[in-house]
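Q: Okay, here's the structure, questions in a sec.
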Amino acid sequence: MSETFRVGTRGSALATTQTGWAAKRLAQSSGLEVETILVKTEGDVITGPLSQLGGTGVFAAALRQHLLDSGCDLAVHSLKDLPTKQPEGLVLAAIPEREDVRDALCARDGLKLSELPEGAKIGTGSPRRAAQLLAFRQDFQIVDIRGNVPTRLGRVKGIGDTHDDGSVGRSVQGDLDAVILAAAGMRRLGLDKHITEYLDPQIMLPAPGQGALALEVRSTGSDHPALDQALADLDHLPTRMQVEAERALLAALEAGCAAPIGALARVEGQTLILEAVACNPDGSETMRRSAQSNGLSVQAAQELGRSLAESMIADGAAVVAGLV
């Protein structure tokens with residue numbers, strides 16, 4: 001009888017889809033069977049704006065505790081939702097190759113961002129997205145929303161209730177002109193047909209770690225050598241360097257994943273380039289900076305993130321972003 005490893009996940013369609021993708025890859029590589037464990041997190045049961053739900057990690061805490069208590073051998077997270085400080089006893093064993101990093105506009109009538117009417121109502125639960133939208137156009141009305149991806153899509157006029165399979169129900173809420181969602185999540189769910197524009201990072205820098213998954217195990221390993229090797233094989237060094245730079249910047253700015261901070265790193269040849277933006281929550285002021293490192297290593301990436309953050313802090317980024 002084959003050994004079985006247990007993978008923990010939240011119960012949302014996106015979480016189970018992401019976990020299913022990772023579990024399948026690991027099962028194929030390791031030769032092990034897989035059992036999925038559903039874990040309800042605080043972020044799934046508390047209502048209210050996401051930015052006010054107790055800071056970073058609100059969706060990850062229960063899943064991590066389940067992993068620490070040996071209720072599962074592996075947890076799969078959206079990396080952008082994880083606090084920058086790694087908890088004692090857990091390690092990110094693998095960060096697979098990143099999906100599309102961009103934010104996506106899902107608007108009525110196929111409209112692009114510049115084509116939305118004056119005073120258009122745009123839904124998002126992210127202060128980072130809200131600030132950059134207002135920096136682009138002050139007339140936008142930002143509406144705080146939460147819920148899973150189909151629920152958010154259902155708020156857009158003409159889209160209605162979009163089910164997990166991409167179909168549209170008869171009930172139409174339609175109180176918004178558009179919503180902003182992560183392109184990666186839309187693509188993973190097969191809902192990218194509703195994207196009317198992939199937002200250029202020059203307009204909207206994504207969240208640090210956006211588009212990347214984090215596969216987490218106990219520091220002592222998963223208790224399955226074949227799984228540990230499969231995790232090592234799935235780890236994608238270019239993606240890990242990118243997100244390490246972005247998250248090091250976020251940590252040095254002492255900003256959580258709900259802060260109006262965007263960051264995106266990319267590898268060009270032997271150079272790692274990091275771009276970052278700090279925004280006033282009302283979009284009235286933004287500070288955008290970039291830096292590069294000629295060393296391609298995780299350590300060099302972390303140093304690049306910290307160095308750029310220190311430069312931005314010296315120029316007043318914390319004041320701009322309302323972090324002090």
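Within each chain, counting starts at residue 1; across the structure tokens, chains are named A, B, ... in the order shown, with ligands numbered 1 upward in that order.
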Could you name the residues that touch Glu115 (chain A) at 12 Å or less, counting only C-alpha atoms, but leaving out those on the same chain fewer than 4 positions away, as an NGL selection string?
A: :A and (105 or 107-111 or 119-120 or 137 or 140 or 177-178 or 196-197)
Q: Emit the selected residues as a PDB file, in the first residue's frame, including C-alpha atoms.
A:
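Output file selection_9.pdb is given in full below:
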```
ATOM      1  CA  LEU A 105      -9.796  44.598 -14.608  1.00  0.00           C
ATOM      2  CA  ALA A 107     -15.514  45.600 -16.266  1.00  0.00           C
ATOM      3  CA  ARG A 108     -18.991  45.847 -17.735  1.00  0.00           C
ATOM      4  CA  ASP A 109     -19.420  46.008 -21.485  1.00  0.00           C
ATOM      5  CA  GLY A 110     -15.811  44.974 -22.106  1.00  0.00           C
ATOM      6  CA  LEU A 111     -14.500  48.361 -21.008  1.00  0.00           C
ATOM      7  CA  GLY A 119     -17.500  58.338 -11.300  1.00  0.00           C
ATOM      8  CA  ALA A 120     -17.341  54.641 -12.146  1.00  0.00           C
ATOM      9  CA  ARG A 137      -8.090  58.752 -11.902  1.00  0.00           C
ATOM     10  CA  PHE A 140     -13.287  56.680  -9.498  1.00  0.00           C
ATOM     11  CA  ASP A 177     -18.948  48.994 -13.066  1.00  0.00           C
ATOM     12  CA  ALA A 178     -15.846  46.872 -12.491  1.00  0.00           C
ATOM     13  CA  THR A 196     -11.342  43.055 -19.944  1.00  0.00           C
ATOM     14  CA  GLU A 197      -7.806  44.384 -19.356  1.00  0.00           C
TER      15      GLU A 197
END
```
Q: Would you kindly return, as a list in words, each protein, DNA or RNA residue with an atom no farther than 7 Å from any atom of Val217 (chain A), considering only C-alpha atoms and excluding same-chain residues fewer than 6 positions away?
A: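 My list of contacting residues is Asp73, Leu74, Ala75, Leu90, Val91, Leu92 and Ala93 of chain A.
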Q: Counting only C-alpha atoms, figure out which residue out of A:Arg128, A:Leu133, A:Val179, A:Val149 gets nearest to Ala276 (chain A).
A: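 Ranking A:Arg128, A:Leu133, A:Val179, A:Val149 by distance to Ala276 (chain A), first place goes to A:Arg128.
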Q: Would you mind listing, for every residue of region 57-116 of chain A within 9 Å of region 242-264 of chain A, the two atoms forming the shortest contact and the distance between them in Å to one decimal, using only C-alpha atoms, sorted by chain and ascending residue number, as a Markdown table?
A:
```
| residue | atom | partner | partner_atom | distance |
| --- | --- | --- | --- | --- |
| A:Gly57 | CA | A:Cys257 | CA | 8.2 |
| A:Leu79 | CA | A:Val243 | CA | 8.6 |
| A:Lys80 | CA | A:Cys257 | CA | 6.8 |
| A:Asp81 | CA | A:Cys257 | CA | 6.3 |
| A:Leu82 | CA | A:Cys257 | CA | 7.4 |
| A:Pro83 | CA | A:Gly256 | CA | 6.8 |
| A:Thr84 | CA | A:Ala251 | CA | 5.8 |
| A:Lys85 | CA | A:Ala251 | CA | 7.6 |
| A:Val101 | CA | A:Leu264 | CA | 8.2 |
```
Q: Pick the closest to Ser219 (chain A) from A:Thr4, A:Ser70, A:Gln302, A:Gln28: which is it, counting only C-alpha atoms?
A: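 When distances to Ser219 (chain A) are compared using only C-alpha atoms, the smallest one comes from A:Ser70.
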Q: Find the spatial neighbours of Ile313 (chain A), counting only C-alpha atoms, within a cut-off of 12 Å - ignore same-chain residues fewer than 4 positions away - and output them as a PDB file with all heavy atoms, in the first residue's frame.
A:
```pdb
ATOM      1  N   LEU A 249      11.532  43.952   0.891  1.00  0.00           N
ATOM      2  CA  LEU A 249      11.166  45.368   0.844  1.00  0.00           C
ATOM      3  C   LEU A 249       9.959  45.649   1.738  1.00  0.00           C
ATOM      4  O   LEU A 249       9.952  46.597   2.516  1.00  0.00           O
ATOM      5  CB  LEU A 249      10.866  45.774  -0.601  1.00  0.00           C
ATOM      6  CG  LEU A 249      10.360  47.213  -0.764  1.00  0.00           C
ATOM      7  CD1 LEU A 249      11.137  47.945  -1.851  1.00  0.00           C
ATOM      8  CD2 LEU A 249       8.871  47.242  -1.110  1.00  0.00           C
ATOM      9  N   LEU A 250       8.939  44.809   1.630  1.00  0.00           N
ATOM     10  CA  LEU A 250       7.733  44.981   2.433  1.00  0.00           C
ATOM     11  C   LEU A 250       8.055  44.902   3.923  1.00  0.00           C
ATOM     12  O   LEU A 250       7.558  45.702   4.722  1.00  0.00           O
ATOM     13  CB  LEU A 250       6.706  43.916   2.053  1.00  0.00           C
ATOM     14  CG  LEU A 250       5.290  44.073   2.598  1.00  0.00           C
ATOM     15  CD1 LEU A 250       4.626  45.312   2.012  1.00  0.00           C
ATOM     16  CD2 LEU A 250       4.456  42.829   2.299  1.00  0.00           C
ATOM     17  N   ALA A 252      10.970  45.497   5.401  1.00  0.00           N
ATOM     18  CA  ALA A 252      11.784  46.637   5.822  1.00  0.00           C
ATOM     19  C   ALA A 252      10.948  47.903   5.949  1.00  0.00           C
ATOM     20  O   ALA A 252      11.252  48.779   6.768  1.00  0.00           O
ATOM     21  CB  ALA A 252      12.933  46.856   4.841  1.00  0.00           C
ATOM     22  N   LEU A 253       9.901  47.994   5.147  1.00  0.00           N
ATOM     23  CA  LEU A 253       8.980  49.134   5.256  1.00  0.00           C
ATOM     24  C   LEU A 253       8.033  48.971   6.445  1.00  0.00           C
ATOM     25  O   LEU A 253       7.253  49.876   6.743  1.00  0.00           O
ATOM     26  CB  LEU A 253       8.164  49.292   3.976  1.00  0.00           C
ATOM     27  CG  LEU A 253       8.905  49.839   2.754  1.00  0.00           C
ATOM     28  CD1 LEU A 253       8.024  49.746   1.513  1.00  0.00           C
ATOM     29  CD2 LEU A 253       9.345  51.274   2.984  1.00  0.00           C
ATOM     30  N   GLU A 254       8.100  47.775   7.088  1.00  0.00           N
ATOM     31  CA  GLU A 254       7.219  47.446   8.211  1.00  0.00           C
ATOM     32  C   GLU A 254       5.757  47.610   7.804  1.00  0.00           C
ATOM     33  O   GLU A 254       4.934  48.155   8.542  1.00  0.00           O
ATOM     34  CB  GLU A 254       7.552  48.286   9.449  1.00  0.00           C
ATOM     35  CG  GLU A 254       8.951  48.043   9.972  1.00  0.00           C
ATOM     36  CD  GLU A 254       9.250  48.788  11.253  1.00  0.00           C
ATOM     37  OE1 GLU A 254       8.431  49.627  11.667  1.00  0.00           O
ATOM     38  OE2 GLU A 254      10.302  48.521  11.845  1.00  0.00           O
ATOM     39  N   ALA A 255       5.467  47.109   6.610  1.00  0.00           N
ATOM     40  CA  ALA A 255       4.120  47.214   6.056  1.00  0.00           C
ATOM     41  C   ALA A 255       3.545  45.822   5.887  1.00  0.00           C
ATOM     42  O   ALA A 255       4.235  44.902   5.444  1.00  0.00           O
ATOM     43  CB  ALA A 255       4.154  47.930   4.709  1.00  0.00           C
ATOM     44  N   ALA A 276       9.193  49.344  -6.993  1.00  0.00           N
ATOM     45  CA  ALA A 276       8.294  49.449  -5.844  1.00  0.00           C
ATOM     46  C   ALA A 276       7.556  50.774  -5.881  1.00  0.00           C
ATOM     47  O   ALA A 276       8.038  51.765  -6.443  1.00  0.00           O
ATOM     48  CB  ALA A 276       9.072  49.327  -4.540  1.00  0.00           C
ATOM     49  N   VAL A 277       6.368  50.785  -5.271  1.00  0.00           N
ATOM     50  CA  VAL A 277       5.592  52.009  -5.147  1.00  0.00           C
ATOM     51  C   VAL A 277       4.976  52.070  -3.762  1.00  0.00           C
ATOM     52  O   VAL A 277       4.536  51.058  -3.219  1.00  0.00           O
ATOM     53  CB  VAL A 277       4.494  52.096  -6.240  1.00  0.00           C
ATOM     54  CG1 VAL A 277       3.435  51.014  -6.060  1.00  0.00           C
ATOM     55  CG2 VAL A 277       3.841  53.470  -6.258  1.00  0.00           C
ATOM     56  N   ALA A 278       4.997  53.254  -3.178  1.00  0.00           N
ATOM     57  CA  ALA A 278       4.288  53.541  -1.934  1.00  0.00           C
ATOM     58  C   ALA A 278       3.258  54.608  -2.260  1.00  0.00           C
ATOM     59  O   ALA A 278       3.581  55.610  -2.908  1.00  0.00           O
ATOM     60  CB  ALA A 278       5.255  54.040  -0.856  1.00  0.00           C
ATOM     61  N   MET A 287       5.038  57.367  -4.477  1.00  0.00           N
ATOM     62  CA  MET A 287       6.494  57.369  -4.608  1.00  0.00           C
ATOM     63  C   MET A 287       6.890  56.064  -5.278  1.00  0.00           C
ATOM     64  O   MET A 287       6.627  54.982  -4.757  1.00  0.00           O
ATOM     65  CB  MET A 287       7.171  57.457  -3.235  1.00  0.00           C
ATOM     66  CG  MET A 287       8.691  57.349  -3.312  1.00  0.00           C
ATOM     67  SD  MET A 287       9.468  57.228  -1.684  1.00  0.00           S
ATOM     68  CE  MET A 287       9.096  58.855  -1.034  1.00  0.00           C
ATOM     69  N   ARG A 288       7.498  56.175  -6.442  1.00  0.00           N
ATOM     70  CA  ARG A 288       7.893  54.985  -7.203  1.00  0.00           C
ATOM     71  C   ARG A 288       9.402  54.981  -7.380  1.00  0.00           C
ATOM     72  O   ARG A 288       9.983  55.984  -7.802  1.00  0.00           O
ATOM     73  CB  ARG A 288       7.183  54.974  -8.553  1.00  0.00           C
ATOM     74  CG  ARG A 288       7.329  53.656  -9.296  1.00  0.00           C
ATOM     75  CD  ARG A 288       6.381  53.603 -10.474  1.00  0.00           C
ATOM     76  NE  ARG A 288       6.482  52.334 -11.158  1.00  0.00           N
ATOM     77  CZ  ARG A 288       5.440  51.574 -11.483  1.00  0.00           C
ATOM     78  NH1 ARG A 288       4.218  51.970 -11.171  1.00  0.00           N
ATOM     79  NH2 ARG A 288       5.611  50.440 -12.127  1.00  0.00           N
ATOM     80  N   ARG A 289      10.013  53.863  -7.056  1.00  0.00           N
ATOM     81  CA  ARG A 289      11.460  53.737  -7.128  1.00  0.00           C
ATOM     82  C   ARG A 289      11.836  52.370  -7.695  1.00  0.00           C
ATOM     83  O   ARG A 289      11.049  51.431  -7.659  1.00  0.00           O
ATOM     84  CB  ARG A 289      12.097  53.884  -5.736  1.00  0.00           C
ATOM     85  CG  ARG A 289      11.857  55.216  -5.041  1.00  0.00           C
ATOM     86  CD  ARG A 289      12.704  56.328  -5.651  1.00  0.00           C
ATOM     87  NE  ARG A 289      12.608  57.565  -4.886  1.00  0.00           N
ATOM     88  CZ  ARG A 289      11.684  58.497  -5.057  1.00  0.00           C
ATOM     89  NH1 ARG A 289      10.752  58.309  -5.987  1.00  0.00           N
ATOM     90  NH2 ARG A 289      11.689  59.598  -4.324  1.00  0.00           N
ATOM     91  N   ARG A 306      15.776  45.117   0.925  1.00  0.00           N
ATOM     92  CA  ARG A 306      16.027  45.949   2.112  1.00  0.00           C
ATOM     93  C   ARG A 306      16.647  47.282   1.722  1.00  0.00           C
ATOM     94  O   ARG A 306      16.279  48.336   2.256  1.00  0.00           O
ATOM     95  CB  ARG A 306      16.938  45.200   3.083  1.00  0.00           C
ATOM     96  CG  ARG A 306      16.249  44.062   3.827  1.00  0.00           C
ATOM     97  CD  ARG A 306      17.099  43.544   4.966  1.00  0.00           C
ATOM     98  NE  ARG A 306      18.289  42.853   4.489  1.00  0.00           N
ATOM     99  CZ  ARG A 306      18.364  41.546   4.299  1.00  0.00           C
ATOM    100  NH1 ARG A 306      17.303  40.777   4.510  1.00  0.00           N
ATOM    101  NH2 ARG A 306      19.492  40.982   3.891  1.00  0.00           N
ATOM    102  N   SER A 307      17.589  47.253   0.772  1.00  0.00           N
ATOM    103  CA  SER A 307      18.280  48.477   0.359  1.00  0.00           C
ATOM    104  C   SER A 307      17.314  49.464  -0.292  1.00  0.00           C
ATOM    105  O   SER A 307      17.345  50.673   0.010  1.00  0.00           O
ATOM    106  CB  SER A 307      19.415  48.123  -0.616  1.00  0.00           C
ATOM    107  OG  SER A 307      20.013  49.281  -1.153  1.00  0.00           O
ATOM    108  N   LEU A 308      16.445  48.963  -1.171  1.00  0.00           N
ATOM    109  CA  LEU A 308      15.482  49.853  -1.825  1.00  0.00           C
ATOM    110  C   LEU A 308      14.502  50.418  -0.809  1.00  0.00           C
ATOM    111  O   LEU A 308      14.143  51.599  -0.864  1.00  0.00           O
ATOM    112  CB  LEU A 308      14.738  49.109  -2.934  1.00  0.00           C
ATOM    113  CG  LEU A 308      13.710  49.933  -3.721  1.00  0.00           C
ATOM    114  CD1 LEU A 308      14.339  51.197  -4.301  1.00  0.00           C
ATOM    115  CD2 LEU A 308      13.069  49.093  -4.825  1.00  0.00           C
ATOM    116  N   ALA A 309      14.092  49.601   0.145  1.00  0.00           N
ATOM    117  CA  ALA A 309      13.177  50.072   1.190  1.00  0.00           C
ATOM    118  C   ALA A 309      13.818  51.181   2.015  1.00  0.00           C
ATOM    119  O   ALA A 309      13.183  52.198   2.323  1.00  0.00           O
ATOM    120  CB  ALA A 309      12.770  48.913   2.096  1.00  0.00           C
ATOM    121  N   ALA A 317       8.822  57.519   2.326  1.00  0.00           N
ATOM    122  CA  ALA A 317       7.803  56.570   1.868  1.00  0.00           C
ATOM    123  C   ALA A 317       6.809  56.199   2.953  1.00  0.00           C
ATOM    124  O   ALA A 317       5.605  56.048   2.695  1.00  0.00           O
ATOM    125  CB  ALA A 317       8.473  55.295   1.334  1.00  0.00           C
ATOM    126  N   ALA A 318       7.286  56.071   4.179  1.00  0.00           N
ATOM    127  CA  ALA A 318       6.393  55.675   5.267  1.00  0.00           C
ATOM    128  C   ALA A 318       5.321  56.738   5.506  1.00  0.00           C
ATOM    129  O   ALA A 318       4.171  56.418   5.821  1.00  0.00           O
ATOM    130  CB  ALA A 318       7.200  55.427   6.550  1.00  0.00           C
ATOM    131  N   VAL A 319       5.709  57.997   5.344  1.00  0.00           N
ATOM    132  CA  VAL A 319       4.747  59.090   5.517  1.00  0.00           C
ATOM    133  C   VAL A 319       3.752  59.086   4.355  1.00  0.00           C
ATOM    134  O   VAL A 319       2.531  59.226   4.556  1.00  0.00           O
ATOM    135  CB  VAL A 319       5.476  60.453   5.594  1.00  0.00           C
ATOM    136  CG1 VAL A 319       4.467  61.593   5.659  1.00  0.00           C
ATOM    137  CG2 VAL A 319       6.402  60.471   6.799  1.00  0.00           C
ATOM    138  N   VAL A 320       4.254  58.896   3.138  1.00  0.00           N
ATOM    139  CA  VAL A 320       3.392  58.869   1.962  1.00  0.00           C
ATOM    140  C   VAL A 320       2.324  57.789   2.108  1.00  0.00           C
ATOM    141  O   VAL A 320       1.140  58.002   1.828  1.00  0.00           O
ATOM    142  CB  VAL A 320       4.220  58.629   0.680  1.00  0.00           C
ATOM    143  CG1 VAL A 320       3.303  58.351  -0.512  1.00  0.00           C
ATOM    144  CG2 VAL A 320       5.107  59.822   0.390  1.00  0.00           C
ATOM    145  N   ALA A 321       2.739  56.591   2.545  1.00  0.00           N
ATOM    146  CA  ALA A 321       1.831  55.447   2.611  1.00  0.00           C
ATOM    147  C   ALA A 321       1.001  55.404   3.885  1.00  0.00           C
ATOM    148  O   ALA A 321       0.209  54.475   4.062  1.00  0.00           O
ATOM    149  CB  ALA A 321       2.628  54.167   2.468  1.00  0.00           C
ATOM    150  N   GLY A 322       1.185  56.387   4.766  1.00  0.00           N
ATOM    151  CA  GLY A 322       0.404  56.418   5.999  1.00  0.00           C
ATOM    152  C   GLY A 322       0.797  55.337   6.975  1.00  0.00           C
ATOM    153  O   GLY A 322      -0.022  54.886   7.786  1.00  0.00           O
ATOM    154  N   LEU A 323       2.078  54.920   6.931  1.00  0.00           N
ATOM    155  CA  LEU A 323       2.540  53.853   7.829  1.00  0.00           C
ATOM    156  C   LEU A 323       3.031  54.394   9.154  1.00  0.00           C
ATOM    157  O   LEU A 323       3.303  53.609  10.075  1.00  0.00           O
ATOM    158  CB  LEU A 323       3.673  53.047   7.138  1.00  0.00           C
ATOM    159  CG  LEU A 323       3.288  52.383   5.807  1.00  0.00           C
ATOM    160  CD1 LEU A 323       4.489  51.731   5.166  1.00  0.00           C
ATOM    161  CD2 LEU A 323       2.183  51.360   6.031  1.00  0.00           C
ATOM    162  N   VAL A 324       3.164  55.723   9.266  1.00  0.00           N
ATOM    163  CA  VAL A 324       3.612  56.336  10.523  1.00  0.00           C
ATOM    164  C   VAL A 324       2.638  57.480  10.866  1.00  0.00           C
ATOM    165  O   VAL A 324       1.890  57.956  10.023  1.00  0.00           O
ATOM    166  CB  VAL A 324       5.040  56.901  10.424  1.00  0.00           C
ATOM    167  CG1 VAL A 324       6.014  55.759  10.250  1.00  0.00           C
ATOM    168  CG2 VAL A 324       5.174  57.887   9.284  1.00  0.00           C
TER     169      VAL A 324
END
```
Q: With DSSP run on the backbone, what are the alpha helix (DSSP H) residues within region 6-249 of chain A? I'd like them as a PyMOL selection string.
A: chain A and resi 13-30+42-45+61-68+127-136+149-153+183-188+225-234+237-249
Q: With distances taken over only C-alpha atoms, which of A:Gln132, A:Gln65, A:Asn280, A:Asn148 is nearest to Arg218 (chain A)?
A: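 Smallest separation from Arg218 (chain A) among the options: A:Gln65.
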Q: To test your reading of the structure, identify every residue in region 248-280 of chain A that backbone DSSP assigns to strand (DSSP E), and report it as JSON, numbers by chain.
A: {"A": [261, 262, 263, 264, 265, 266, 267, 268, 271, 272, 273, 274, 275, 276, 277, 278, 279]}
Q: As an exercise, work out the distance from CA of Thr151 (chain A) to CA of Arg25 (chain A) in Å and give it to one decimal place.
A: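 These atoms are spaced 28.6 Å apart.
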Q: What separation in Å, quoted to one decimal, exists between CA of Ser29 (chain A) and CA of Asp235 (chain A)?
A: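 So the two atoms, CA of Ser29 (chain A) and CA of Asp235 (chain A), lie 12.6 Å apart.
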Q: Check the smallest atom-to-atom distance from each of A:Val7, A:Ile145, A:Asp139, A:Thr239 to Ser114 (chain A) using only C-alpha atoms, then report the winner.
A: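 Under the stated criterion, the closest residue is A:Asp139.
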Q: Measuring atom to atom with only C-alpha atoms, identify which of A:His66, A:His77, A:Arg129, A:Lys40 is nearest to Arg102 (chain A).
A: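 So, comparing all the options, the nearest one is A:Arg129.
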Q: Which of these residues is nearest to Asp315 (chain A), using only C-alpha atoms: A:Thr286, A:Pro281, A:Ser293, A:Pro96?
A: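 Of A:Thr286, A:Pro281, A:Ser293, A:Pro96, the one nearest Asp315 (chain A), counting only C-alpha atoms, is A:Thr286.
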Q: When you look at Leu63 (chain A) with a cut-off of 8 Å (counting only C-alpha atoms), what residues show up, excluding the ones that are within fewer than 5 positions of it in the same chain? I need them as an MDAnalysis selection string.
A: chainID A and resid 8:10 39:41 75
Q: Just the selected residues (N, CA and C atoms), exported as a CSV table (one decimal), in the first residue's frame, please.
A:
```csv
chain,number,residue,atom,x,y,z
A,8,GLY,N,-3.0,20.5,3.5
A,8,GLY,CA,-4.1,21.4,4.1
A,8,GLY,C,-4.4,22.5,3.2
A,9,THR,N,-5.7,22.9,3.1
A,9,THR,CA,-6.1,24.0,2.3
A,9,THR,C,-7.3,24.7,2.9
A,10,ARG,N,-7.5,25.9,2.6
A,10,ARG,CA,-8.8,26.6,2.8
A,10,ARG,C,-9.8,26.0,1.9
A,39,VAL,N,-9.4,23.2,6.0
A,39,VAL,CA,-9.3,23.9,7.3
A,39,VAL,C,-10.0,25.3,7.1
A,40,LYS,N,-10.9,25.6,8.0
A,40,LYS,CA,-11.6,26.9,8.0
A,40,LYS,C,-10.7,27.9,8.8
A,41,THR,N,-10.4,29.0,8.2
A,41,THR,CA,-9.6,30.1,8.8
A,41,THR,C,-10.4,31.2,9.3
A,75,ALA,N,1.1,22.6,3.7
A,75,ALA,CA,0.0,23.7,3.5
A,75,ALA,C,0.4,24.4,2.2
```
